[in-house]
$ cat input_4.txt   # compact mmCIF, C-alpha atoms
# COMPACT_ATOMS: atom_id res chain seq x y z
CA LEU A 1 -26.12 -14.38 29.74
CA VAL A 2 -23.63 -14.84 26.91
CA THR A 3 -24.85 -14.06 23.41
CA ILE A 4 -22.82 -14.57 20.25
CA ASN A 5 -24.19 -13.29 16.95
CA VAL A 6 -22.73 -12.74 13.48
CA TYR A 7 -23.52 -9.44 11.74
CA THR A 8 -22.73 -7.87 8.40
CA VAL A 9 -20.65 -4.69 8.25
CA LYS A 10 -23.99 -2.85 7.98
CA GLY A 11 -25.15 -4.28 11.29
CA GLU A 12 -27.61 -6.78 9.81
CA LEU A 13 -27.98 -10.07 11.66
CA VAL A 14 -26.56 -13.04 9.78
CA ARG A 15 -26.76 -15.79 12.35
CA SER A 16 -27.44 -16.21 16.07
CA LEU A 17 -24.88 -18.72 17.32
CA PHE A 18 -25.27 -18.83 21.06
CA SER A 19 -27.35 -17.31 23.86
CA GLN A 20 -27.42 -18.83 27.34
CA GLU A 21 -26.02 -18.61 30.84
CA VAL A 22 -22.55 -20.11 31.10
CA SER A 23 -19.67 -20.39 33.53
CA GLY A 24 -16.06 -20.95 32.64
CA SER A 25 -14.74 -21.03 29.09
CA GLY A 26 -16.09 -22.65 25.95
CA GLN A 27 -15.97 -22.69 22.18
CA VAL A 28 -18.52 -21.84 19.50
CA THR A 29 -18.09 -22.85 15.87
CA TRP A 30 -19.84 -21.13 12.98
CA ASP A 31 -20.34 -23.09 9.77
CA GLY A 32 -20.39 -19.99 7.58
CA ARG A 33 -24.13 -20.11 6.88
CA ASN A 34 -26.92 -17.68 7.66
CA GLU A 35 -30.23 -18.37 9.42
CA ARG A 36 -31.67 -19.80 6.18
CA GLY A 37 -28.76 -22.18 5.68
CA ALA A 38 -27.20 -20.30 2.77
CA VAL A 39 -23.42 -19.91 2.65
CA VAL A 40 -22.51 -16.25 3.17
CA ALA A 41 -19.62 -14.36 1.65
CA ASN A 42 -16.77 -13.52 4.00
CA GLY A 43 -13.94 -11.09 3.47
CA LEU A 44 -10.83 -9.95 5.32
CA GLN A 45 -8.13 -7.40 4.68
CA THR A 46 -4.63 -8.31 5.86
CA ASN A 47 -0.98 -7.46 5.39
CA GLY A 48 -0.40 -11.21 5.04
CA THR A 49 2.62 -11.38 7.32
CA LEU A 50 1.14 -13.76 9.92
CA LEU A 51 -0.74 -16.15 7.63
CA ASN A 52 -0.03 -19.84 8.12
CA ASP A 53 -1.37 -23.07 6.64
CA GLU A 54 -3.78 -23.75 9.50
CA LEU A 55 -5.45 -20.36 9.13
CA ALA A 56 -5.39 -20.56 5.33
CA LYS A 57 -7.18 -23.92 5.39
CA HIS A 58 -9.88 -22.38 7.60
CA LEU A 59 -10.24 -19.42 5.23
CA ALA A 60 -10.53 -21.72 2.23
CA LYS A 61 -13.07 -23.96 3.95
CA TYR A 62 -15.37 -21.04 4.67
CA ARG A 63 -14.76 -19.36 1.32
CA PHE A 64 -13.16 -16.17 2.55
CA LEU A 65 -11.97 -13.61 0.02
CA LEU A 66 -8.84 -11.87 1.27
CA GLY A 67 -7.46 -8.51 0.31
CA VAL A 68 -3.69 -8.55 0.79
CA SER A 69 -1.83 -5.25 1.06
CA LEU A 70 1.09 -5.08 -1.34
CA ASP A 71 2.31 -1.73 -2.65
CA GLY A 72 4.76 -2.93 -5.30
CA PRO A 73 8.27 -4.41 -5.39
CA ALA A 74 10.36 -4.44 -2.20
CA GLU A 75 12.05 -1.07 -2.68
CA ILE A 76 8.64 0.59 -2.98
CA HIS A 77 6.60 -1.50 -0.53
CA ASP A 78 9.20 -1.32 2.23
CA ARG A 79 9.44 2.47 2.23
CA PHE A 80 6.47 2.77 4.58
CA ARG A 81 5.48 -0.82 5.46
CA THR A 82 8.09 -1.65 8.07
CA TYR A 83 8.27 -3.39 11.43
CA ALA A 84 9.09 -1.53 14.64
CA ASP A 85 12.76 -2.43 14.23
CA GLY A 86 12.88 -0.91 10.76
CA ARG A 87 12.80 -4.14 8.75
CA GLY A 88 10.69 -4.15 5.62
CA SER A 89 7.70 -6.50 5.44
CA HIS A 90 7.75 -7.27 1.71
CA ALA A 91 9.29 -10.75 1.97
CA GLU A 92 6.80 -11.81 4.65
CA VAL A 93 3.88 -10.53 2.56
CA LEU A 94 4.99 -12.68 -0.38
CA ARG A 95 5.31 -15.66 1.94
CA GLY A 96 1.77 -15.05 3.14
CA ILE A 97 0.48 -14.88 -0.43
CA GLU A 98 2.23 -18.16 -1.23
CA THR A 99 0.45 -19.68 1.78
CA LEU A 100 -2.90 -18.55 0.40
CA GLN A 101 -2.11 -19.93 -3.04
CA ARG A 102 -0.95 -23.24 -1.60
CA ASN A 103 -4.28 -23.63 0.19
CA ALA A 104 -6.48 -22.34 -2.66
CA VAL A 105 -7.68 -19.24 -0.83
CA GLU A 106 -9.14 -16.55 -3.08
CA PHE A 107 -7.41 -13.20 -2.74
CA ASN A 108 -6.81 -9.91 -4.48
CA ILE A 109 -4.09 -7.31 -4.09
CA LEU A 110 -4.82 -4.04 -2.31
CA THR A 111 -2.30 -1.38 -3.26
CA LEU A 112 -2.26 1.80 -1.22
CA VAL A 113 -1.16 4.62 -3.49
CA SER A 114 1.08 6.89 -1.42
CA GLN A 115 4.22 8.92 -2.00
CA SER A 116 6.13 5.63 -2.19
CA ASN A 117 4.53 4.52 -5.44
CA VAL A 118 2.37 7.29 -6.93
CA GLY A 119 5.14 8.07 -9.43
CA HIS A 120 5.67 4.41 -10.35
CA ALA A 121 2.28 3.28 -11.66
CA ARG A 122 3.55 1.21 -14.57
CA GLU A 123 6.26 -0.41 -12.48
CA VAL A 124 3.76 -1.40 -9.78
CA TYR A 125 1.24 -2.74 -12.31
CA ARG A 126 3.84 -4.78 -14.18
CA TYR A 127 5.30 -6.16 -10.97
CA LEU A 128 1.91 -7.43 -9.77
CA ARG A 129 0.92 -8.72 -13.20
CA ASP A 130 4.21 -10.53 -13.78
CA ARG A 131 3.90 -12.30 -10.43
CA GLY A 132 0.54 -13.62 -11.57
CA TYR A 133 -1.54 -11.39 -9.30
CA LEU A 134 -4.35 -10.48 -11.67
CA PHE A 135 -6.90 -8.92 -9.32
CA HIS A 136 -5.84 -5.43 -8.27
CA GLN A 137 -7.45 -2.75 -6.17
CA TYR A 138 -5.79 0.66 -5.99
CA ILE A 139 -6.72 2.92 -3.07
CA GLU A 140 -5.58 6.51 -2.71
CA CYS A 141 -3.83 7.52 0.52
CA VAL A 142 -5.34 10.79 1.77
CA GLU A 143 -4.69 11.49 5.45
CA PHE A 144 -4.49 14.66 7.53
CA ASP A 145 -2.84 15.48 10.84
CA GLU A 146 -4.74 16.89 13.81
CA GLY A 147 -4.34 20.39 12.45
CA GLY A 148 -5.87 19.49 9.10
CA LYS A 149 -2.57 19.49 7.21
CA VAL A 150 -2.04 16.78 4.59
CA GLN A 151 0.37 14.10 5.80
CA PRO A 152 3.68 13.93 3.87
CA TYR A 153 3.00 10.40 2.64
CA ALA A 154 -0.45 11.26 1.22
CA VAL A 155 -1.12 11.97 -2.47
CA SER A 156 -2.84 14.87 -4.16
CA GLY A 157 -5.89 14.52 -6.39
CA GLU A 158 -3.79 15.44 -9.42
CA ALA A 159 -1.12 12.83 -8.64
CA TRP A 160 -3.80 10.19 -7.98
CA GLY A 161 -5.44 11.02 -11.32
CA ARG A 162 -2.14 10.68 -13.19
CA PHE A 163 -1.52 7.35 -11.46
CA LEU A 164 -4.89 6.00 -12.64
CA CYS A 165 -4.29 7.28 -16.18
CA GLU A 166 -0.97 5.44 -16.33
CA ILE A 167 -2.49 2.26 -14.87
CA PHE A 168 -5.25 2.36 -17.45
CA ASP A 169 -2.83 2.95 -20.33
CA GLU A 170 -0.62 0.10 -19.14
CA TRP A 171 -3.64 -2.18 -18.77
CA MET A 172 -4.73 -1.39 -22.33
CA ALA A 173 -1.23 -1.83 -23.75
CA GLY A 174 -0.70 -5.10 -21.88
CA ASN A 175 -3.69 -6.93 -23.36
CA GLY A 176 -5.88 -6.41 -20.30
CA LEU A 177 -4.46 -9.36 -18.35
CA ALA A 178 -5.38 -8.03 -14.92
CA GLN A 179 -8.72 -7.14 -13.40
CA LEU A 180 -8.47 -3.72 -11.80
CA THR A 181 -10.68 -1.90 -9.36
CA ALA A 182 -9.85 1.71 -8.53
CA THR A 183 -11.65 3.38 -5.64
CA ALA A 184 -11.74 7.08 -4.83
CA LEU A 185 -14.48 8.94 -3.01
CA ASN A 186 -16.49 5.71 -3.27
CA GLN A 187 -18.13 7.05 -6.44
CA LEU A 188 -17.95 4.53 -9.25
CA GLN A 189 -18.74 6.25 -12.51
CA ASN A 190 -18.29 3.88 -15.42
CA SER A 191 -16.55 0.76 -16.60
CA VAL A 192 -14.61 -0.47 -19.60
CA TRP A 193 -14.72 -4.06 -20.82
CA LYS A 194 -11.80 -5.61 -22.64
CA SER A 195 -10.65 -9.18 -23.24
CA GLY A 196 -13.20 -10.57 -20.80
CA VAL A 197 -11.95 -8.33 -18.01
CA THR A 198 -13.90 -5.53 -16.36
CA ILE A 199 -12.06 -2.46 -15.14
CA ASN A 200 -13.91 0.00 -12.91
CA PHE A 201 -12.93 3.63 -12.62
CA VAL A 202 -14.13 6.52 -10.57
CA LYS A 203 -14.68 10.24 -10.66
CA ILE A 204 -11.59 12.02 -9.39
CA LEU A 205 -11.91 15.57 -8.09
CA GLY A 206 -9.20 17.79 -9.51
CA ALA A 207 -7.75 15.09 -11.78
CA PRO A 208 -6.81 16.10 -15.35
CA ARG A 209 -8.88 14.46 -18.06
CA ARG A 210 -6.03 14.44 -20.56
CA GLY A 211 -8.46 13.70 -23.39
CA ARG A 212 -9.56 10.36 -21.98
CA GLY A 213 -13.19 9.39 -21.49
CA TYR A 214 -12.92 7.10 -18.51
CA PHE A 215 -13.06 9.67 -15.70
$ encode --input "input_4.txt" --output "structure tokens"
Amino acid sequence: LVTINVYTVKGELVRSLFSQEVSGSGQVTWDGRNERGAVVANGLQTNGTLLNDELAKHLAKYRFLLGVSLDGPAEIHDRFRTYADGRGSHAEVLRGIETLQRNAVEFNILTLVSQSNVGHAREVYRYLRDRGYLFHQYIECVEFDEGGKVQPYAVSGEAWGRFLCEIFDEWMAGNGLAQLTATALNQLQNSVWKSGVTINFVKILGAPRRGRGYF
């Protein structure tokens, strides 16, 4: 018996596609709707390097929202995001984003804040904004080795807090052109509205308040 179902990330059943005895190979197509016939939201996270027009057309047809990993300009992004042969992936990421744009696929930028860019918040923000990428998500890199020691590329709570302060200040000074979502500890605390754009911030453990009211 072969059974093919679609579930949410929480394990909830979205649609039963197939359940019967089969032999050999076959193909099952899902139309992107749930059991009631409603179109469901789909999302993927990708580094963008292998995107092509065929896949992008499929993603657009079924209304996927993509998060594309881009950590800043090439000299920042390519510090840690390299291929096995040492080549940086920045150029291929931009090509992938252009493929999404060409095929009208919705996407936002996922920026991992690590030692490569934690000291360059304004530069990263301006780079993304000036390229027309106006939906940003900043995610702190906190990883430990098997012995519980912080990895050298990870950021401290204090550095992460400073990064967010600088992003916020740049966003305010730049007329709020981009929509920003910052995640840390998965604890959204409050939001600020400006120029039709919502910016969500979070509670940061150990981050300096520096007189601001948005942590």
$ closest_atom_pairs --input "input_4.txt" --of "range 89-172 of chain A" --to "range 72-78 of chain A" --cutoff "6 Å" --atoms "all atoms listed in the file" --output "CSV"
residue,atom,partner,partner_atom,distance
A:His90,CA,A:Ala74,CA,5.5
A:Ser116,CA,A:Ile76,CA,5.7
A:Val124,CA,A:Gly72,CA,4.8
$ residues_near_point --input "input_4.txt" --point "(-4.0, 5.9, 1.0)" --cutoff "6 Å" --atoms "only C-alpha atoms" --output "number ranges by chain"
A: 112-114, 139-142
$ write_last_selection --input "input_4.txt" --atoms "C-alpha atoms" --output "tab-separated table (two decimals), in the frame of the given file"
chain	number	residue	atom	x	y	z
A	112	LEU	CA	-2.26	1.80	-1.22
A	113	VAL	CA	-1.16	4.62	-3.49
A	114	SER	CA	1.08	6.89	-1.42
A	139	ILE	CA	-6.72	2.92	-3.07
A	140	GLU	CA	-5.58	6.51	-2.71
A	141	CYS	CA	-3.83	7.52	0.52
A	142	VAL	CA	-5.34	10.79	1.77
$ closest_residue --input "input_4.txt" --among "A:Tyr62, A:Tyr7, A:Phe18, A:Tyr83" --to "Asp31 in chain A" --atoms "only C-alpha atoms"
A:Tyr62
$ atom_distance --input "input_4.txt" --atom1 "CA of Ala60 in chain A" --atom2 "CA of Ala104 in chain A"
6.4 Å
$ axis_aligned_box --input "input_4.txt" --around "range 166-175 of chain A" --padding-each-side "6 Å" --output "JSON"
{"center_x": -2.9, "center_y": -0.7, "center_z": -19.3, "size_x": 16.6, "size_y": 24.4, "size_z": 20.9}
$ closest_residue --input "input_4.txt" --among "A:Phe168, A:Trp30, A:Phe64, A:Phe135" --to "Gly43 in chain A" --atoms "all atoms listed in the file"
A:Phe64
$ atom_distance --input "input_4.txt" --atom1 "CA of Arg15 in chain A" --atom2 "CA of Leu66 in chain A"
21.4 Å
$ closest_residue --input "input_4.txt" --among "A:Thr99, A:Gly88, A:Val22, A:Val9" --to "Leu51 in chain A" --atoms "only C-alpha atoms"
A:Thr99
$ closest_residue --input "input_4.txt" --among "A:Arg122, A:Glu106, A:Glu54, A:Ser23" --to "Met172 in chain A" --atoms "all atoms listed in the file"
A:Arg122
$ closest_residue --input "input_4.txt" --among "A:Tyr138, A:Phe80, A:Tyr133, A:Phe144" --to "Trp160 in chain A" --atoms "all atoms listed in the file"
A:Tyr138
